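Student: Got run.tsv for you, TSV, C-alpha atoms:
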chain	number	residue	atom	x	y	z
A	1	MET	CA	23.85	-9.58	-3.89
A	2	LEU	CA	21.21	-6.95	-4.47
A	3	TYR	CA	19.39	-5.90	-7.61
A	4	GLN	CA	16.25	-3.88	-8.15
A	5	GLU	CA	14.13	-3.18	-11.14
A	6	LYS	CA	10.84	-1.53	-11.96
A	7	VAL	CA	9.01	-4.14	-13.96
A	8	PRO	CA	7.68	-2.70	-17.25
A	9	GLY	CA	4.03	-1.81	-16.66
A	10	GLY	CA	4.32	-3.14	-13.14
A	11	LYS	CA	5.96	-2.49	-9.80
A	12	LEU	CA	9.41	-2.09	-8.28
A	13	VAL	CA	10.99	-5.33	-7.09
A	14	CYS	CA	14.21	-5.58	-5.10
A	15	MET	CA	15.87	-8.97	-4.70
A	16	GLU	CA	18.59	-9.76	-2.18
A	17	ILE	CA	20.36	-13.09	-2.34
A	18	TRP	CA	22.83	-14.37	0.21
A	19	PRO	CA	25.00	-17.06	-1.43
A	20	SER	CA	26.04	-20.26	0.30
A	21	GLN	CA	29.62	-20.54	1.63
A	22	ASP	CA	30.89	-22.06	-1.61
A	23	GLY	CA	29.02	-19.41	-3.60
A	24	SER	CA	27.06	-21.91	-5.66
A	25	ALA	CA	23.55	-21.66	-4.23
A	26	ALA	CA	21.16	-19.24	-2.53
A	27	SER	CA	21.21	-19.61	1.24
A	28	LYS	CA	18.74	-16.79	1.91
A	29	VAL	CA	16.48	-14.71	-0.35
A	30	LYS	CA	14.59	-11.53	0.45
A	31	ILE	CA	12.12	-9.88	-1.93
A	32	THR	CA	10.99	-6.34	-1.22
A	33	GLY	CA	9.19	-3.68	-3.23
A	34	ASP	CA	5.87	-2.00	-3.91
A	35	PHE	CA	4.16	-4.97	-5.60
A	36	PHE	CA	1.08	-6.77	-4.26
A	37	LEU	CA	0.72	-10.38	-3.18
A	38	HIS	CA	-2.44	-11.87	-1.72
A	39	PRO	CA	-2.15	-13.30	0.92
A	40	GLU	CA	0.80	-11.15	1.89
A	41	ASP	CA	2.47	-13.58	4.29
A	42	SER	CA	2.98	-16.11	1.49
A	43	ILE	CA	6.04	-14.04	0.51
A	44	THR	CA	8.04	-16.06	3.06
A	45	ASP	CA	7.13	-19.27	1.29
A	46	ILE	CA	8.14	-17.83	-2.10
A	47	GLU	CA	11.49	-16.71	-0.65
A	48	ASN	CA	12.04	-20.10	0.96
A	49	SER	CA	11.19	-21.89	-2.29
A	50	LEU	CA	14.25	-20.25	-3.86
A	51	VAL	CA	16.63	-21.14	-1.03
A	52	GLY	CA	19.02	-23.95	-1.92
A	53	LEU	CA	18.69	-23.38	-5.66
A	54	SER	CA	21.83	-23.13	-7.71
A	55	LEU	CA	22.71	-19.56	-8.66
A	56	ALA	CA	23.12	-20.88	-12.19
A	57	CYS	CA	19.73	-22.60	-12.39
A	58	SER	CA	17.43	-21.98	-15.31
A	59	GLN	CA	14.72	-19.32	-15.47
A	60	ASN	CA	12.20	-22.10	-16.06
A	61	GLU	CA	13.14	-23.90	-12.87
A	62	LEU	CA	12.91	-20.65	-10.89
A	63	THR	CA	9.54	-19.79	-12.44
A	64	ASN	CA	8.23	-23.26	-11.58
A	65	LYS	CA	9.36	-22.97	-7.97
A	66	ILE	CA	7.65	-19.58	-7.63
A	67	GLN	CA	4.49	-20.76	-9.38
A	68	ASN	CA	4.32	-23.89	-7.20
A	69	SER	CA	4.65	-21.74	-4.09
A	70	LEU	CA	1.85	-19.46	-5.31
A	71	ASN	CA	-0.36	-22.48	-6.07
A	72	LYS	CA	0.35	-24.03	-2.67
A	73	ASN	CA	-0.71	-20.82	-0.92
A	74	ASN	CA	-3.57	-20.07	-3.31
A	75	ALA	CA	-1.75	-16.77	-3.74
A	76	GLN	CA	-1.88	-14.10	-6.42
A	77	LEU	CA	0.98	-11.79	-7.40
A	78	ILE	CA	0.10	-8.36	-8.80
A	79	GLY	CA	2.56	-5.97	-10.39
A	80	VAL	CA	5.15	-8.64	-11.19
A	81	THR	CA	4.79	-12.10	-12.73
A	82	PRO	CA	6.51	-15.32	-11.58
A	83	GLU	CA	8.55	-15.22	-14.83
A	84	GLN	CA	9.70	-11.68	-14.10
A	85	LEU	CA	10.61	-12.61	-10.50
A	86	ALA	CA	12.68	-15.49	-11.87
A	87	GLU	CA	14.41	-13.13	-14.29
A	88	ILE	CA	15.16	-10.70	-11.46
A	89	PHE	CA	16.68	-13.58	-9.45
A	90	LEU	CA	19.05	-14.29	-12.34
A	91	LYS	CA	19.83	-10.61	-12.84
A	92	THR	CA	20.69	-10.35	-9.13
A	93	THR	CA	23.23	-13.15	-9.49
A	94	MET	CA	24.62	-11.59	-12.68
A	95	GLN	CA	24.89	-8.22	-10.95
A	96	ALA	CA	27.23	-9.91	-8.47
A	97	GLU	CA	29.26	-11.34	-11.36
A	98	VAL	CA	29.66	-7.87	-12.85
A	99	SER	CA	30.79	-6.34	-9.56
A	100	LYS	CA	33.43	-9.06	-8.90
B	1	MET	CA	-27.38	-4.31	2.56
B	2	LYS	CA	-26.74	-1.48	5.00
B	3	TRP	CA	-23.29	0.10	5.02
B	4	ARG	CA	-21.80	1.74	8.10
B	5	VAL	CA	-20.08	5.06	7.47
B	6	ILE	CA	-17.54	6.23	10.02
B	7	ASP	CA	-17.06	9.97	9.90
B	8	TYR	CA	-13.61	11.52	9.44
B	9	THR	CA	-11.36	11.21	12.49
B	10	GLU	CA	-7.66	11.87	12.92
B	11	ASN	CA	-5.47	9.32	14.61
B	12	THR	CA	-1.86	8.27	15.00
B	13	ALA	CA	-0.39	6.12	12.24
B	14	SER	CA	-0.42	2.95	14.34
B	15	MET	CA	-4.02	3.53	15.44
B	16	ASN	CA	-5.19	4.14	11.88
B	17	MET	CA	-3.78	0.84	10.70
B	18	ALA	CA	-5.01	-0.96	13.83
B	19	ILE	CA	-8.58	0.33	13.32
B	20	ASP	CA	-8.59	-0.93	9.72
B	21	GLU	CA	-7.53	-4.35	10.96
B	22	SER	CA	-9.91	-4.49	13.93
B	23	VAL	CA	-12.86	-3.52	11.71
B	24	SER	CA	-11.77	-6.20	9.19
B	25	GLU	CA	-11.89	-8.75	12.00
B	26	SER	CA	-15.33	-7.69	13.18
B	27	VAL	CA	-16.68	-7.71	9.61
B	28	ALA	CA	-15.19	-11.20	9.12
B	29	LYS	CA	-16.97	-12.41	12.26
B	30	GLY	CA	-20.25	-10.88	11.07
B	31	GLU	CA	-20.28	-8.53	14.06
B	32	SER	CA	-20.11	-5.35	11.96
B	33	SER	CA	-21.71	-4.20	8.72
B	34	PRO	CA	-19.61	-3.42	5.68
B	35	THR	CA	-17.84	-0.21	6.56
B	36	ILE	CA	-16.66	2.94	4.84
B	37	ARG	CA	-14.28	4.92	6.99
B	38	PHE	CA	-12.65	8.31	6.43
B	39	TYR	CA	-9.60	9.42	8.35
B	40	GLY	CA	-6.56	11.63	8.64
B	41	TRP	CA	-3.12	11.23	10.15
B	42	LYS	CA	-2.16	13.19	13.25
B	43	PRO	CA	0.71	13.74	13.41
B	44	SER	CA	1.62	13.46	9.72
B	45	ALA	CA	3.06	10.05	8.92
B	46	VAL	CA	4.71	7.87	6.31
B	47	SER	CA	3.14	4.50	5.64
B	48	ILE	CA	5.02	1.82	3.76
B	49	GLY	CA	3.72	-1.19	1.86
B	50	TYR	CA	3.80	-4.64	3.43
B	51	PHE	CA	6.74	-5.78	1.30
B	52	GLN	CA	8.90	-2.68	1.55
B	53	SER	CA	12.02	-2.23	3.61
B	54	LEU	CA	11.43	0.59	6.10
B	55	GLU	CA	15.09	1.54	6.31
B	56	ARG	CA	15.48	1.57	2.55
B	57	GLU	CA	12.34	3.64	1.90
B	58	VAL	CA	12.15	6.09	4.78
B	59	ASP	CA	14.62	8.63	6.21
B	60	LEU	CA	13.95	7.82	9.85
B	61	ALA	CA	16.19	10.63	11.14
B	62	LYS	CA	14.21	13.18	9.11
B	63	CYS	CA	10.92	11.70	10.38
B	64	SER	CA	12.16	12.15	13.92
B	65	GLU	CA	13.31	15.71	13.17
B	66	PHE	CA	9.91	16.69	11.70
B	67	GLY	CA	7.80	14.72	14.21
B	68	VAL	CA	6.51	12.48	11.42
B	69	GLU	CA	5.43	8.95	12.39
B	70	PHE	CA	5.92	5.82	10.33
B	71	VAL	CA	4.04	2.55	10.05
B	72	ARG	CA	4.00	-0.58	7.91
B	73	ARG	CA	0.62	-1.30	6.30
B	74	ARG	CA	-0.89	-4.77	5.93
B	75	THR	CA	-1.41	-3.94	2.26
B	76	GLY	CA	1.21	-3.95	-0.47
B	77	GLY	CA	2.06	-0.94	-2.60
B	78	GLY	CA	4.47	1.92	-2.08
B	79	ALA	CA	5.51	4.39	0.57
B	80	VAL	CA	3.09	7.28	1.10
B	81	TYR	CA	3.57	10.54	2.95
B	82	HIS	CA	0.29	11.34	4.71
B	83	ASP	CA	0.40	15.05	5.44
B	84	ASN	CA	-2.02	16.03	8.21
B	85	LEU	CA	-3.41	18.89	6.14
B	86	GLY	CA	-2.75	17.57	2.66
B	87	GLU	CA	-4.96	14.53	2.15
B	88	ILE	CA	-7.98	12.47	3.12
B	89	THR	CA	-7.65	8.72	3.56
B	90	TYR	CA	-10.51	6.25	3.24
B	91	SER	CA	-10.91	2.59	3.91
B	92	ILE	CA	-13.60	0.27	2.67
B	93	ILE	CA	-14.01	-2.99	4.52
B	94	ALA	CA	-16.53	-5.58	3.41
B	95	LYS	CA	-17.08	-9.27	2.83
B	96	GLU	CA	-15.26	-10.32	-0.35
B	97	GLU	CA	-18.45	-11.53	-2.00
B	98	LEU	CA	-19.69	-7.94	-2.31
B	99	PHE	CA	-16.95	-7.31	-4.89
B	100	PRO	CA	-15.60	-9.17	-7.92
B	101	LYS	CA	-13.13	-11.96	-7.25
B	102	ASP	CA	-10.82	-10.34	-9.78
B	103	ILE	CA	-8.67	-7.92	-7.82
B	104	ILE	CA	-8.18	-5.30	-10.54
B	105	ALA	CA	-11.95	-5.35	-11.25
B	106	SER	CA	-12.61	-4.64	-7.56
B	107	TYR	CA	-10.03	-1.82	-7.57
B	108	LYS	CA	-11.88	-0.37	-10.52
B	109	ILE	CA	-15.22	-0.40	-8.69
B	110	ILE	CA	-13.90	1.16	-5.47
B	111	CYS	CA	-11.70	3.67	-7.31
B	112	GLY	CA	-14.87	4.49	-9.27
B	113	TYR	CA	-16.36	5.85	-6.03
B	114	ILE	CA	-13.45	8.30	-5.89
B	115	CYS	CA	-13.86	9.26	-9.55
B	116	ASP	CA	-17.58	9.85	-8.88
B	117	SER	CA	-16.64	12.02	-5.87
B	118	LEU	CA	-14.18	14.09	-7.88
B	119	GLY	CA	-16.79	14.40	-10.61
B	120	LEU	CA	-19.06	16.12	-8.06
B	121	LEU	CA	-16.29	18.73	-7.79
B	122	ASN	CA	-16.09	18.98	-11.58
B	123	ILE	CA	-12.72	17.26	-11.64
B	124	ALA	CA	-12.54	14.57	-14.31
B	125	SER	CA	-10.50	11.53	-13.30
B	126	GLU	CA	-10.05	7.90	-14.24
B	127	PHE	CA	-8.82	4.65	-12.73
B	128	LYS	CA	-5.36	3.70	-13.93
B	129	PRO	CA	-4.48	0.09	-13.16
B	130	ILE	CA	-3.00	-1.24	-11.03
B	131	ASN	CA	-4.00	1.04	-8.19
B	132	ASP	CA	-3.95	4.72	-9.14
B	133	ILE	CA	-6.44	7.41	-10.07
B	134	ILE	CA	-5.28	10.07	-12.48
B	135	THR	CA	-6.60	13.43	-13.50
B	136	ASN	CA	-5.13	15.22	-16.51
B	137	ASN	CA	-2.64	12.34	-16.69
B	138	LYS	CA	-1.35	13.04	-13.18
B	139	LYS	CA	-1.81	10.88	-10.11
B	140	ILE	CA	-4.27	12.27	-7.56
B	141	SER	CA	-5.01	9.13	-5.57
B	142	GLY	CA	-3.18	5.94	-4.63
B	143	ASN	CA	-4.91	2.83	-3.32
B	144	ALA	CA	-4.01	-0.54	-1.83
B	145	GLN	CA	-6.04	-3.66	-1.18
B	146	THR	CA	-5.76	-6.85	0.79
B	147	ARG	CA	-8.07	-9.78	1.35
B	148	ARG	CA	-8.00	-11.86	4.51
B	149	ASN	CA	-10.50	-14.24	6.10
B	150	GLY	CA	-13.08	-13.52	3.43
B	151	VAL	CA	-12.87	-9.75	3.92
B	152	LEU	CA	-11.70	-7.15	1.44
B	153	LEU	CA	-9.90	-4.11	2.83
B	154	GLN	CA	-9.00	-1.31	0.49
B	155	HIS	CA	-7.56	1.93	1.71
B	156	GLY	CA	-6.24	4.88	-0.22
B	157	THR	CA	-5.55	8.57	-0.16
B	158	ILE	CA	-6.90	11.49	-2.12
B	159	LEU	CA	-4.39	14.32	-2.36
B	160	TYR	CA	-5.81	17.66	-1.36
B	161	LYS	CA	-2.55	19.57	-1.28
B	162	VAL	CA	0.84	18.14	-2.15
B	163	ASP	CA	4.30	19.16	-1.00
B	164	VAL	CA	6.66	17.05	-3.09
B	165	ASP	CA	9.79	18.60	-1.53
B	166	LYS	CA	8.61	17.68	1.97
B	167	MET	CA	7.66	14.22	0.72
B	168	PHE	CA	11.16	13.65	-0.66
B	169	SER	CA	12.82	14.94	2.48
B	170	LEU	CA	11.17	12.00	4.28
B	171	LEU	CA	11.37	9.30	1.63
B	172	LYS	CA	14.65	7.87	0.42
B	173	VAL	CA	15.45	7.55	-3.26
B	174	PRO	CA	17.48	4.68	-4.70
B	175	ASP	CA	20.14	7.00	-6.04
B	176	GLU	CA	20.88	10.34	-4.30
B	177	LYS	CA	22.62	11.58	-7.46
B	178	ILE	CA	19.32	11.68	-9.35
B	179	LYS	CA	17.19	12.90	-6.44
B	180	ASP	CA	16.58	16.37	-7.97
B	181	LYS	CA	15.54	14.80	-11.24
B	182	MET	CA	13.19	12.41	-9.43
B	183	ILE	CA	11.60	15.28	-7.52
B	184	ALA	CA	11.06	17.15	-10.80
B	185	THR	CA	9.52	14.04	-12.37
B	186	VAL	CA	7.17	13.46	-9.44
B	187	LYS	CA	6.13	17.13	-9.51
B	188	GLU	CA	5.17	16.60	-13.15
B	189	ARG	CA	3.35	13.33	-12.47
B	190	VAL	CA	1.43	14.11	-9.26
B	191	THR	CA	-1.36	16.59	-8.72
B	192	SER	CA	-3.81	17.57	-6.00
B	193	ILE	CA	-7.31	18.97	-5.63
B	194	GLU	CA	-5.78	22.35	-4.84
B	195	GLN	CA	-3.77	22.33	-8.06
B	196	GLN	CA	-6.86	21.39	-10.05
B	197	ASN	CA	-9.11	24.00	-8.47
B	198	SER	CA	-7.77	26.17	-5.67
B	199	SER	CA	-11.25	27.31	-4.63
B	200	ILE	CA	-12.21	23.82	-3.38
B	201	THR	CA	-11.82	23.47	0.40
B	202	LYS	CA	-10.78	20.27	2.13
B	203	ASP	CA	-14.22	20.11	3.71
B	204	GLN	CA	-15.85	20.29	0.26
B	205	LEU	CA	-13.61	17.43	-0.86
B	206	TYR	CA	-14.69	15.41	2.18
B	207	ARG	CA	-18.40	16.03	1.52
B	208	ALA	CA	-17.91	14.98	-2.10
B	209	LEU	CA	-16.14	11.80	-0.99
B	210	VAL	CA	-18.95	10.89	1.40
B	211	ASN	CA	-21.48	11.42	-1.40
B	212	GLY	CA	-19.42	9.55	-4.00
B	213	PHE	CA	-18.74	6.55	-1.75
B	214	THR	CA	-22.32	6.24	-0.50
B	215	LYS	CA	-24.17	6.81	-3.80
B	216	ASP	CA	-26.77	4.07	-4.37
B	217	LYS	CA	-26.01	2.52	-0.97
B	218	GLU	CA	-28.18	2.24	2.09
B	219	ILE	CA	-26.05	3.79	4.82
B	220	VAL	CA	-25.99	4.60	8.48
B	221	PHE	CA	-23.49	6.96	10.09
B	222	ASP	CA	-22.14	5.22	13.15
B	223	SER	CA	-19.01	4.96	15.25
B	224	LEU	CA	-16.63	2.11	15.97
B	225	SER	CA	-17.99	-0.44	18.43
B	226	GLN	CA	-16.39	-0.72	21.86
B	227	PRO	CA	-14.87	-4.15	21.03
B	228	GLU	CA	-13.44	-2.68	17.80
B	229	ILE	CA	-11.82	0.18	19.74
B	230	LEU	CA	-10.38	-2.16	22.37
B	231	ARG	CA	-9.03	-4.53	19.71
B	232	ALA	CA	-7.52	-1.59	17.79
B	233	GLU	CA	-5.79	-0.39	20.95
B	234	GLU	CA	-4.44	-3.90	21.46
B	235	LEU	CA	-3.21	-4.10	17.85
B	236	THR	CA	-1.38	-0.77	18.11
B	237	ASN	CA	0.65	-2.18	20.99
B	238	THR	CA	1.11	-5.71	19.74
B	239	ARG	CA	1.74	-4.93	16.07
B	240	TYR	CA	1.69	-1.46	14.55
B	241	LYS	CA	3.91	0.27	17.13
B	242	THR	CA	6.40	-2.58	17.35
B	243	LYS	CA	9.87	-2.75	15.83
B	244	GLU	CA	9.20	-6.38	14.87
B	245	TRP	CA	6.39	-5.29	12.58
B	246	ASN	CA	7.71	-1.99	11.23
B	247	PHE	CA	11.26	-3.25	10.59
B	248	MET	CA	10.04	-6.69	9.47
B	249	ARG	CA	11.55	-6.44	5.98
Go ahead and render the structure in this file as structure tokens.
Tutor:
Amino acid sequence: MLYQEKVPGGKLVCMEIWPSQDGSAASKVKITGDFFLHPEDSITDIENSLVGLSLACSQNELTNKIQNSLNKNNAQLIGVTPEQLAEIFLKTTMQAEVSK
Amino acid sequence: MKWRVIDYTENTASMNMAIDESVSESVAKGESSPTIRFYGWKPSAVSIGYFQSLEREVDLAKCSEFGVEFVRRRTGGGAVYHDNLGEITYSIIAKEELFPKDIIASYKIICGYICDSLGLLNIASEFKPINDIITNNKKISGNAQTRRNGVLLQHGTILYKVDVDKMFSLLKVPDEKIKDKMIATVKERVTSIEQQNSSITKDQLYRALVNGFTKDKEIVFDSLSQPEILRAEELTNTRYKTKEWNFMR
């Protein structure tokens, strides 16, 4: 599942989600784009924080996971907010629904 | 506080990124003064942001055909085509405490050096957050920053001459069907020193940049130290030339 969006007033974010075998959860997540994140290597931790989550989970839960990961790494996202990343996660899963 | 200024040199893409990192390391260790460096890309190259997918952003076959190199930066941001004749790149590398903790505020200060430089050429420009400089509402400079080990590295380019068609022959667009429209849009949104005033030479731009960046600073023109050069050579081989790094995402 792949979806990309230029965040209003921000940067381009592309989300790729590989679903689990039964299609209910994310087994791998990759986030690419022209946003900024300091420190950069904390992107892996953000991606991993979304692995295992249900594809139908709430935007709040996703936002919390991303925010916790940022806090843990003392990291700062620029050009996209945790809420917007969470929304893009959900849009990626919906994109897959549409293309079924 | 004395700043070191490293005069314009042209290097390969991997070496340019390796020098920025090796200088960041030596500044972090207190072995080098805060540094302002100017450079060009020889051969021309495409650099991509840390989080971008190389294969999705860059037409690697076209790069090979035109002899254009590619490299992943350690900074975020977008893909940039660095034409050998068409731009000047700078980097500023200093302990974080010399700049505001707020990242956008520090962009504003460093981009202000570029606006001052362009002002010396009678080109009015302004910082446009997050990381651009615009003149007459068109982008003339893009910038990217990272902070590691207490050191701020910001590098960016100032467009002297822009060839949007060449740029788009090397960069991929999300949807080929709208490529022509995208090229037209970028032509409308991007400008260069040459477009603003065709009588300004690249050398005049460089002199203005040196003056704008060093205004109100105590400076010394110097070269890279031997350990910095050796470390940069090591980093080209262990990171910036490797598939693991460039195809990482």
Student: At a cut-off of 10 Å, using only C-alpha atoms, what residues contact B:Gln196? Leave out same-chain residues fewer than 3 positions from it and give the result as number ranges by chain.
Tutor: B: 122-124, 135-136, 140, 160-161, 191-193, 199-200
Student: Could you tell me which of A:Leu50, A:Ile66, A:Ile17, A:Ala75 comes closest to chain B if we count all atoms listed in the file?
Tutor: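 Looking at the shortest contact to chain B, the residue is A:Ala75.
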Student: Select all residues from chain B having any atom no more than 8 Å from an atom of chain A (counting only C-alpha atoms, ignoring ligands), output as a ChimeraX atom specification.
Tutor: /B:49-53,74-79,130,146-148,249
Student: What separation in Å, quoted to one decimal, exists between atom CA of A:Thr92 and atom CA of B:Val173?
Tutor: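 So the answer is 19.6 Å.
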Student: Measuring between all atoms listed in the file, which one of A:Phe89, A:Asn60, A:Glu5, A:Asp45 shows the shortest distance to A:Ala25?
Tutor: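 Using all atoms listed in the file, the shortest distance to A:Ala25 belongs to A:Phe89.
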Student: Between atom CA of B:Glu69 and atom CA of B:Pro43, what is the distance in Å, rounded to a tenth?
Tutor: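 It comes out at 6.8 Å.
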Student: Please write as a count of residues only the list of polymer residues whose atoms come within 12 Å of (9.8, -6.4, 13.0), counting all atoms listed in the file and keeping to the coordinates of the file.
Tutor: 18
Student: Tell me which of B:Ile114, B:Leu120, B:Leu85, B:Ala28 sits closest to B:Gly142, counting all atoms listed in the file.
Tutor: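 Closest to B:Gly142 of all the choices is B:Ile114.
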Student: Could you work out how far atom CA of A:Val80 lies from atom CA of B:Gln154, giving the answer in Å with one decimal?
Tutor: 19.8 Å
Student: Pull the neighbourhood of (18.5, -12.7, -2.5) for me: all residues within 12 Å in file coordinates, counting all atoms listed in the file, as a PDB file with C-alpha atoms, keeping the file's coordinate frame.
Tutor:
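Full text of result_14.pdb as output:
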ATOM      1  CA  MET A   1      23.850  -9.580  -3.890  1.00  0.00           C
ATOM      2  CA  LEU A   2      21.210  -6.950  -4.470  1.00  0.00           C
ATOM      3  CA  TYR A   3      19.390  -5.900  -7.610  1.00  0.00           C
ATOM      4  CA  GLN A   4      16.250  -3.880  -8.150  1.00  0.00           C
ATOM      5  CA  VAL A  13      10.990  -5.330  -7.090  1.00  0.00           C
ATOM      6  CA  CYS A  14      14.210  -5.580  -5.100  1.00  0.00           C
ATOM      7  CA  MET A  15      15.870  -8.970  -4.700  1.00  0.00           C
ATOM      8  CA  GLU A  16      18.590  -9.760  -2.180  1.00  0.00           C
ATOM      9  CA  ILE A  17      20.360 -13.090  -2.340  1.00  0.00           C
ATOM     10  CA  TRP A  18      22.830 -14.370   0.210  1.00  0.00           C
ATOM     11  CA  PRO A  19      25.000 -17.060  -1.430  1.00  0.00           C
ATOM     12  CA  SER A  20      26.040 -20.260   0.300  1.00  0.00           C
ATOM     13  CA  ALA A  25      23.550 -21.660  -4.230  1.00  0.00           C
ATOM     14  CA  ALA A  26      21.160 -19.240  -2.530  1.00  0.00           C
ATOM     15  CA  SER A  27      21.210 -19.610   1.240  1.00  0.00           C
ATOM     16  CA  LYS A  28      18.740 -16.790   1.910  1.00  0.00           C
ATOM     17  CA  VAL A  29      16.480 -14.710  -0.350  1.00  0.00           C
ATOM     18  CA  LYS A  30      14.590 -11.530   0.450  1.00  0.00           C
ATOM     19  CA  ILE A  31      12.120  -9.880  -1.930  1.00  0.00           C
ATOM     20  CA  THR A  32      10.990  -6.340  -1.220  1.00  0.00           C
ATOM     21  CA  ILE A  46       8.140 -17.830  -2.100  1.00  0.00           C
ATOM     22  CA  GLU A  47      11.490 -16.710  -0.650  1.00  0.00           C
ATOM     23  CA  ASN A  48      12.040 -20.100   0.960  1.00  0.00           C
ATOM     24  CA  SER A  49      11.190 -21.890  -2.290  1.00  0.00           C
ATOM     25  CA  LEU A  50      14.250 -20.250  -3.860  1.00  0.00           C
ATOM     26  CA  VAL A  51      16.630 -21.140  -1.030  1.00  0.00           C
ATOM     27  CA  GLY A  52      19.020 -23.950  -1.920  1.00  0.00           C
ATOM     28  CA  LEU A  53      18.690 -23.380  -5.660  1.00  0.00           C
ATOM     29  CA  LEU A  55      22.710 -19.560  -8.660  1.00  0.00           C
ATOM     30  CA  LEU A  85      10.610 -12.610 -10.500  1.00  0.00           C
ATOM     31  CA  ALA A  86      12.680 -15.490 -11.870  1.00  0.00           C
ATOM     32  CA  ILE A  88      15.160 -10.700 -11.460  1.00  0.00           C
ATOM     33  CA  PHE A  89      16.680 -13.580  -9.450  1.00  0.00           C
ATOM     34  CA  LEU A  90      19.050 -14.290 -12.340  1.00  0.00           C
ATOM     35  CA  LYS A  91      19.830 -10.610 -12.840  1.00  0.00           C
ATOM     36  CA  THR A  92      20.690 -10.350  -9.130  1.00  0.00           C
ATOM     37  CA  THR A  93      23.230 -13.150  -9.490  1.00  0.00           C
ATOM     38  CA  MET A  94      24.620 -11.590 -12.680  1.00  0.00           C
ATOM     39  CA  GLN A  95      24.890  -8.220 -10.950  1.00  0.00           C
ATOM     40  CA  ALA A  96      27.230  -9.910  -8.470  1.00  0.00           C
TER      41      ALA A  96
END
Student: What's around B:Asn137 at 10 Å? Count all atoms listed in the file, leave out sequence neighbours fewer than 4 positions away in its own chain, and write the answer as a list of chain:residue names.
Tutor: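 Result of the neighbour search: B:Ser125, B:Glu126, B:Lys128, B:Ile133, B:Glu188, B:Arg189, B:Val190, B:Thr191.
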Student: From the list A:Gln84, A:Gln21, A:Ser42, A:Ser54, which residue is nearest A:Asn68 when using only C-alpha atoms?
Tutor: A:Ser42
Student: With only C-alpha atoms as the atoms that count, which of B:Cys115, B:Ile109, B:Ile88, B:Leu152 lies nearest to B:Gln204?
Tutor: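 Selected residue with least distance to B:Gln204: B:Ile88.
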Student: Which residue, B:Glu65, B:Asp203, B:Asp83, B:Glu31, has the smallest gap to B:Ala13 when you use only C-alpha atoms?
Tutor: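 Nearest to B:Ala13: B:Asp83.
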Student: Starting from the incomplete input, reconstruct N, CA, C and O atoms of stretch 60-69 of chain A and write that as a PDB file, keeping the file's coordinate frame.
Tutor:
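That gives us selection03.pdb:
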ATOM      1  N   ASN A  60      13.370 -21.231 -16.137  1.00  0.00           N
ATOM      2  CA  ASN A  60      12.200 -22.100 -16.060  1.00  0.00           C
ATOM      3  C   ASN A  60      12.054 -22.750 -14.698  1.00  0.00           C
ATOM      4  O   ASN A  60      10.958 -22.817 -14.139  1.00  0.00           O
ATOM      5  N   GLU A  61      13.182 -23.235 -14.192  1.00  0.00           N
ATOM      6  CA  GLU A  61      13.140 -23.900 -12.870  1.00  0.00           C
ATOM      7  C   GLU A  61      12.715 -22.906 -11.797  1.00  0.00           C
ATOM      8  O   GLU A  61      11.888 -23.209 -10.932  1.00  0.00           O
ATOM      9  N   LEU A  62      13.264 -21.685 -11.875  1.00  0.00           N
ATOM     10  CA  LEU A  62      12.910 -20.650 -10.890  1.00  0.00           C
ATOM     11  C   LEU A  62      11.425 -20.301 -10.994  1.00  0.00           C
ATOM     12  O   LEU A  62      10.719 -20.216  -9.990  1.00  0.00           O
ATOM     13  N   THR A  63      10.960 -20.137 -12.226  1.00  0.00           N
ATOM     14  CA  THR A  63       9.540 -19.790 -12.440  1.00  0.00           C
ATOM     15  C   THR A  63       8.652 -20.885 -11.862  1.00  0.00           C
ATOM     16  O   THR A  63       7.657 -20.595 -11.190  1.00  0.00           O
ATOM     17  N   ASN A  64       9.034 -22.157 -12.104  1.00  0.00           N
ATOM     18  CA  ASN A  64       8.230 -23.260 -11.580  1.00  0.00           C
ATOM     19  C   ASN A  64       8.171 -23.254 -10.066  1.00  0.00           C
ATOM     20  O   ASN A  64       7.129 -23.489  -9.468  1.00  0.00           O
ATOM     21  N   LYS A  65       9.316 -22.999  -9.443  1.00  0.00           N
ATOM     22  CA  LYS A  65       9.360 -22.970  -7.970  1.00  0.00           C
ATOM     23  C   LYS A  65       8.416 -21.884  -7.449  1.00  0.00           C
ATOM     24  O   LYS A  65       7.676 -22.095  -6.489  1.00  0.00           O
ATOM     25  N   ILE A  66       8.480 -20.698  -8.080  1.00  0.00           N
ATOM     26  CA  ILE A  66       7.650 -19.580  -7.630  1.00  0.00           C
ATOM     27  C   ILE A  66       6.169 -19.889  -7.875  1.00  0.00           C
ATOM     28  O   ILE A  66       5.322 -19.701  -6.999  1.00  0.00           O
ATOM     29  N   GLN A  67       5.878 -20.428  -9.060  1.00  0.00           N
ATOM     30  CA  GLN A  67       4.490 -20.760  -9.380  1.00  0.00           C
ATOM     31  C   GLN A  67       3.949 -21.838  -8.438  1.00  0.00           C
ATOM     32  O   GLN A  67       2.806 -21.741  -7.978  1.00  0.00           O
ATOM     33  N   ASN A  68       4.766 -22.838  -8.126  1.00  0.00           N
ATOM     34  CA  ASN A  68       4.320 -23.890  -7.200  1.00  0.00           C
ATOM     35  C   ASN A  68       4.010 -23.301  -5.830  1.00  0.00           C
ATOM     36  O   ASN A  68       3.052 -23.694  -5.169  1.00  0.00           O
ATOM     37  N   SER A  69       4.864 -22.370  -5.398  1.00  0.00           N
ATOM     38  CA  SER A  69       4.650 -21.740  -4.090  1.00  0.00           C
ATOM     39  C   SER A  69       3.341 -20.941  -4.103  1.00  0.00           C
ATOM     40  O   SER A  69       2.567 -20.979  -3.148  1.00  0.00           O
TER      41      SER A  69
END
